[in-house]
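Visitor: Following this message is one structure expressed as structure tokens.
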Amino acid sequence: MRTFYRTLDRRLLRDVALVALADGVVGLSYGAISTGSGFGAWLPVVMSLLVFAGAAQFLFVGLVAAGGSPFAAAVAGLLINSRHLPFGMAVSDVLRGRGRAVGSHLMTDETVAFALAQDDARRRRAAYWACGAGIFVCWNLGVLAGAFAGTVIGDTDAFGLDAAFPAVLLALVLPSLREKQTRQAALAGSAIAVGATPILPAGLPVLLALAGALVLVGWR
Amino acid sequence: MTLLIAIGVLAAGTFAFRFAGPLLQSRIQISPRVQTVMATSAAVLLAAVVATQAVTEGHDFAGFARPVGVAVGGLLAWRNAPFLLVVVSAAAVTALLRLAGVP
């Protein structure tokens, strides 16, 4: 444990705490929106513990509340979460040995971004676990409070939280874009993803972006 | 009951996606070159997530407030501003633009 704290300096811990707290606020809104759409309080709480993927959970609740089939909603959620497969390969050096299964469950866009933004293997591991555990605790506490306290916080967009999350990922991914080939692939991928979003189901545009970018710039 | 099974399917499938990479890593030797390609792939995916989250909402354009806020955050990050400032600025700019009536 002592090496863990030494590896993870105060600045990194503070950055991780900020993101975890912001996730907690979104969790509050997820819990409140779910119960507000007529679901029992158990649904957002159980989903957040077992699925633990915000975007997929919001989509699932939205589709089912609008009268869609729960299985179609599950498939739609799985499409969004499919990017965890390449993510898991990218951080597989972090998720070795004991605790591998638990660590995998903590995988989110943010944990992967925090891990990949670190220079050496020990810091990657420390950042991944701190971010994963912090977000898991804050997200689930937020959802629990939101589900039972009801509609205290309805619209987190008023605080600009919807801009905070892409900014978090952007700040973390920027250093890796210094390398020319990665930058070109990322720019091509972003253009593909945005262009495909109006016509493809959620989750597919980023996968298409990955495929397209790798074909365009890499694998030579 | 249907709802519970559907949630189970989503949870199990999501875990399978997350666990496949680490599981594969322990079974087969992955060359440094493949590891590099995977790191690049993750950066491309994250960039694509940033772009779609910043610009779109569902299948539509998200309005101007959010992309402007994210761009301000990105600019600050590029100038090596502290992470806290990047995140808070992005949220604040977007919130203020909305307060001013920008969609």
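Residue names in the structure tokens use chain letters A, B, ... in the order shown, residue numbers from 1 in each chain, and ligand numbers from 1 in the order shown.
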I need the residues in stretch 40-183 of chain A that are alpha helix (DSSP H) according to DSSP; give them as number ranges by chain.

Guide: A: 42-50, 54-65, 70-81, 84-90, 100-105, 109-116, 121-149, 161-173, 180-183

Visitor: Now that the selection is made, can you save its residues with C-alpha atoms as an mmCIF file, in the first residue's frame?

Guide:
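Listed below is the output, result26.cif:
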data_model
loop_
_atom_site.group_PDB
_atom_site.id
_atom_site.type_symbol
_atom_site.label_atom_id
_atom_site.label_comp_id
_atom_site.auth_asym_id
_atom_site.auth_seq_id
_atom_site.Cartn_x
_atom_site.Cartn_y
_atom_site.Cartn_z
ATOM 1 C CA TRP A 42 -33.619 -0.756 -7.456
ATOM 2 C CA LEU A 43 -33.110 -0.507 -11.220
ATOM 3 C CA PRO A 44 -30.579 2.348 -11.420
ATOM 4 C CA VAL A 45 -28.811 1.019 -8.290
ATOM 5 C CA VAL A 46 -28.459 -2.565 -9.561
ATOM 6 C CA MET A 47 -27.523 -1.432 -13.088
ATOM 7 C CA SER A 48 -24.840 0.919 -11.804
ATOM 8 C CA LEU A 49 -23.226 -1.827 -9.734
ATOM 9 C CA LEU A 50 -23.415 -4.563 -12.386
ATOM 10 C CA GLY A 54 -22.872 5.579 -17.733
ATOM 11 C CA ALA A 55 -23.618 6.131 -21.418
ATOM 12 C CA ALA A 56 -25.039 2.618 -21.883
ATOM 13 C CA GLN A 57 -27.123 2.945 -18.709
ATOM 14 C CA PHE A 58 -28.647 6.275 -19.760
ATOM 15 C CA LEU A 59 -29.462 4.837 -23.194
ATOM 16 C CA PHE A 60 -30.997 1.660 -21.704
ATOM 17 C CA VAL A 61 -33.277 3.582 -19.348
ATOM 18 C CA GLY A 62 -34.237 6.071 -22.080
ATOM 19 C CA LEU A 63 -35.135 3.376 -24.616
ATOM 20 C CA VAL A 64 -37.143 1.230 -22.176
ATOM 21 C CA ALA A 65 -38.960 4.266 -20.714
ATOM 22 C CA PRO A 70 -35.509 -4.269 -22.814
ATOM 23 C CA PHE A 71 -33.506 -6.700 -24.967
ATOM 24 C CA ALA A 72 -33.187 -4.205 -27.820
ATOM 25 C CA ALA A 73 -32.041 -1.692 -25.190
ATOM 26 C CA ALA A 74 -29.475 -4.206 -23.873
ATOM 27 C CA VAL A 75 -28.117 -4.707 -27.400
ATOM 28 C CA ALA A 76 -27.934 -0.926 -27.884
ATOM 29 C CA GLY A 77 -26.003 -0.657 -24.600
ATOM 30 C CA LEU A 78 -23.654 -3.453 -25.667
ATOM 31 C CA LEU A 79 -22.879 -1.601 -28.905
ATOM 32 C CA ILE A 80 -21.732 1.399 -26.861
ATOM 33 C CA ASN A 81 -19.684 -0.791 -24.515
ATOM 34 C CA HIS A 84 -14.033 -1.802 -23.967
ATOM 35 C CA LEU A 85 -12.645 -4.720 -25.981
ATOM 36 C CA PRO A 86 -9.883 -2.672 -27.683
ATOM 37 C CA PHE A 87 -9.508 -0.623 -24.481
ATOM 38 C CA GLY A 88 -8.887 -3.823 -22.521
ATOM 39 C CA MET A 89 -6.177 -4.842 -24.962
ATOM 40 C CA ALA A 90 -4.509 -1.444 -24.657
ATOM 41 C CA ARG A 100 -7.647 -8.830 -12.946
ATOM 42 C CA ALA A 101 -11.395 -9.507 -13.063
ATOM 43 C CA VAL A 102 -12.232 -6.743 -10.569
ATOM 44 C CA GLY A 103 -9.943 -4.340 -12.411
ATOM 45 C CA SER A 104 -11.626 -5.144 -15.722
ATOM 46 C CA HIS A 105 -15.014 -4.278 -14.249
ATOM 47 C CA ASP A 109 -13.212 5.842 -20.821
ATOM 48 C CA GLU A 110 -11.744 7.835 -17.940
ATOM 49 C CA THR A 111 -9.762 5.017 -16.284
ATOM 50 C CA VAL A 112 -8.250 4.034 -19.633
ATOM 51 C CA ALA A 113 -7.411 7.665 -20.461
ATOM 52 C CA PHE A 114 -5.798 8.243 -17.049
ATOM 53 C CA ALA A 115 -3.729 5.050 -17.337
ATOM 54 C CA LEU A 116 -2.517 5.745 -20.866
ATOM 55 C CA ALA A 121 4.154 0.975 -15.875
ATOM 56 C CA ARG A 122 3.834 1.510 -12.112
ATOM 57 C CA ARG A 123 2.157 4.893 -12.507
ATOM 58 C CA ARG A 124 -0.182 3.472 -15.160
ATOM 59 C CA ARG A 125 -1.274 0.764 -12.769
ATOM 60 C CA ALA A 126 -1.699 3.172 -9.852
ATOM 61 C CA ALA A 127 -3.647 5.696 -11.952
ATOM 62 C CA TYR A 128 -5.912 2.983 -13.361
ATOM 63 C CA TRP A 129 -6.827 1.564 -9.956
ATOM 64 C CA ALA A 130 -7.231 4.913 -8.217
ATOM 65 C CA CYS A 131 -9.437 6.264 -10.993
ATOM 66 C CA GLY A 132 -11.431 3.045 -11.329
ATOM 67 C CA ALA A 133 -12.084 2.696 -7.588
ATOM 68 C CA GLY A 134 -12.803 6.425 -7.144
ATOM 69 C CA ILE A 135 -15.313 6.545 -9.979
ATOM 70 C CA PHE A 136 -16.956 3.258 -8.909
ATOM 71 C CA VAL A 137 -17.557 4.530 -5.374
ATOM 72 C CA CYS A 138 -18.679 8.055 -6.364
ATOM 73 C CA TRP A 139 -20.859 6.885 -9.265
ATOM 74 C CA ASN A 140 -22.694 4.288 -7.194
ATOM 75 C CA LEU A 141 -23.158 6.577 -4.179
ATOM 76 C CA GLY A 142 -24.438 9.300 -6.529
ATOM 77 C CA VAL A 143 -26.898 6.920 -8.192
ATOM 78 C CA LEU A 144 -28.099 5.630 -4.807
ATOM 79 C CA ALA A 145 -28.701 9.181 -3.544
ATOM 80 C CA GLY A 146 -30.347 10.267 -6.804
ATOM 81 C CA ALA A 147 -32.638 7.231 -6.891
ATOM 82 C CA PHE A 148 -33.935 7.827 -3.366
ATOM 83 C CA ALA A 149 -33.760 11.612 -3.090
ATOM 84 C CA LEU A 161 -21.013 18.929 -17.020
ATOM 85 C CA ASP A 162 -21.635 17.550 -20.500
ATOM 86 C CA ALA A 163 -18.641 19.643 -21.675
ATOM 87 C CA ALA A 164 -16.480 18.644 -18.689
ATOM 88 C CA PHE A 165 -16.259 14.948 -19.628
ATOM 89 C CA PRO A 166 -15.013 15.352 -23.203
ATOM 90 C CA ALA A 167 -12.584 17.993 -21.851
ATOM 91 C CA VAL A 168 -11.251 15.456 -19.315
ATOM 92 C CA LEU A 169 -10.618 12.863 -22.025
ATOM 93 C CA LEU A 170 -9.156 15.472 -24.386
ATOM 94 C CA ALA A 171 -6.677 16.730 -21.784
ATOM 95 C CA LEU A 172 -5.572 13.155 -21.066
ATOM 96 C CA VAL A 173 -5.252 12.073 -24.699
ATOM 97 C CA LYS A 180 2.479 12.375 -35.868
ATOM 98 C CA GLN A 181 1.033 9.022 -36.849
ATOM 99 C CA THR A 182 -1.199 8.854 -33.761
ATOM 100 C CA ARG A 183 -2.363 12.431 -34.352
#

Visitor: For chain B, which residue out of A:Leu13, A:Ala186, A:Leu106, A:Ile192 is the nearest one, using only C-alpha atoms?

Guide: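 Smallest separation from chain B among the options: A:Ala186.
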
Visitor: If you measure from atom CA of B:Ser26 to atom CA of B:Ala39, what distance in Å do you get, rounded to one decimal?

Guide: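 These two atoms are separated by 17.5 Å.
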
Visitor: Using only C-alpha atoms, which protein or nucleic acid residues come within 12 Å of A:Arg11? Drop anything in the same chain fewer than 6 positions from it, and give the result as a PDB file with N, CA and C atoms, in the first residue's frame.

Guide:
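Contents of part.pdb, as written:
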ATOM      1  N   TYR A   5       0.886   4.648  -2.610  1.00  0.00           N
ATOM      2  CA  TYR A   5       0.745   6.080  -2.361  1.00  0.00           C
ATOM      3  C   TYR A   5       1.954   6.869  -2.851  1.00  0.00           C
ATOM      4  N   ALA A  17      -9.696  12.602  -8.253  1.00  0.00           N
ATOM      5  CA  ALA A  17     -10.805  12.923  -7.350  1.00  0.00           C
ATOM      6  C   ALA A  17     -11.802  13.853  -8.032  1.00  0.00           C
ATOM      7  N   LEU A  18     -11.297  14.815  -8.796  1.00  0.00           N
ATOM      8  CA  LEU A  18     -12.168  15.754  -9.511  1.00  0.00           C
ATOM      9  C   LEU A  18     -13.089  15.011 -10.480  1.00  0.00           C
ATOM     10  N   ALA A 127      -2.626   4.775 -11.445  1.00  0.00           N
ATOM     11  CA  ALA A 127      -3.647   5.696 -11.952  1.00  0.00           C
ATOM     12  C   ALA A 127      -4.920   4.941 -12.314  1.00  0.00           C
TER      13      ALA A 127
ATOM     14  N   PRO B  82      -3.174  23.604 -15.771  1.00  0.00           N
ATOM     15  CA  PRO B  82      -3.508  22.519 -14.830  1.00  0.00           C
ATOM     16  C   PRO B  82      -4.835  21.855 -15.198  1.00  0.00           C
ATOM     17  N   PHE B  83      -4.885  20.562 -14.942  1.00  0.00           N
ATOM     18  CA  PHE B  83      -6.051  19.748 -15.272  1.00  0.00           C
ATOM     19  C   PHE B  83      -7.344  20.343 -14.702  1.00  0.00           C
ATOM     20  N   LEU B  84      -7.271  20.767 -13.447  1.00  0.00           N
ATOM     21  CA  LEU B  84      -8.448  21.338 -12.780  1.00  0.00           C
ATOM     22  C   LEU B  84      -8.993  22.532 -13.560  1.00  0.00           C
TER      23      LEU B  84
END

Visitor: So that I can check the surroundings of stretch 205-215 of chain A, please list as a list in words every protein, DNA and RNA residue that reaches within 8 Å of it, counting only C-alpha atoms and ignoring chain neighbours fewer than 3 positions away.

Guide: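 Counting only C-alpha atoms, the residues come to Arg83, Ala185, Ala186, Ala188, Gly189, Ser190, Ala191, Ile192, Ala193, Val194, Ala196, Thr197, Leu200, Pro201, Ala202, Gly218 and Trp219 of chain A; Ser41, Val44, Leu45, Ala48 and Val49 of chain B.
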
Visitor: Please identify all polymer residues within 9 Å of B:Thr56, counting only C-alpha atoms, omitting same-chain residues fewer than 5 positions from it, and present them as JSON, numbers by chain.

Guide: {"A": [194, 197, 198], "B": [51, 61, 62, 63, 67]}

Visitor: Can you measure atom CA of B:Phe17 to atom CA of A:Val94 for me? One decimal in Å is fine.

Guide: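 So the answer is 16.1 Å.
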
Visitor: Between A:Leu95, A:Leu187, A:Leu21, A:Leu174, which is the closest to B:Ala20 once you count only C-alpha atoms?

Guide: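 Smallest distance to B:Ala20 is found for A:Leu95.
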
Visitor: Could you pull out the strand (DSSP E) residues of chain B from DSSP and send them as a short mmCIF file (atom, residue, chain, number, x, y, z; two decimals) with N, CA and C atoms, in the first residue's frame?

Guide:
data_model
loop_
_atom_site.label_atom_id
_atom_site.label_comp_id
_atom_site.auth_asym_id
_atom_site.auth_seq_id
_atom_site.Cartn_x
_atom_site.Cartn_y
_atom_site.Cartn_z
N THR B 56 -22.00 16.09 -30.80
CA THR B 56 -23.31 15.50 -31.08
C THR B 56 -24.06 15.12 -29.81
N GLU B 57 -25.38 15.08 -29.93
CA GLU B 57 -26.27 14.62 -28.86
C GLU B 57 -27.26 13.66 -29.51
N ASP B 60 -28.01 13.99 -33.37
CA ASP B 60 -28.06 15.37 -33.85
C ASP B 60 -26.90 16.22 -33.34
N PHE B 61 -26.82 17.44 -33.87
CA PHE B 61 -25.84 18.42 -33.44
C PHE B 61 -26.17 18.85 -32.01
#

Visitor: If you measure from atom CA of B:Ala100 to atom CA of B:Ala71, what distance in Å do you get, rounded to one decimal?

Guide: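 Interatomic distance here is 18.1 Å.
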
Visitor: From the set A:Asp93, A:Asp120, A:Asp9, A:Asp23, which residue has the shortest atom-to-atom contact distance to chain B, counting only C-alpha atoms?

Guide: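 The answer is A:Asp93, which sits nearest to chain B.
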
Visitor: Between B:Leu10, B:Val68, B:Leu75, B:Ile28, which is the closest to chain A once you count only C-alpha atoms?

Guide: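 Nearest to chain A: B:Leu10.
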
Visitor: Using only C-alpha atoms, which of the listed residues (A:Ser29, A:Ser34, A:Ser69, A:Ser92) sits closest to chain B?

Guide: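 Of the candidates, the smallest distance to chain B is held by A:Ser92.
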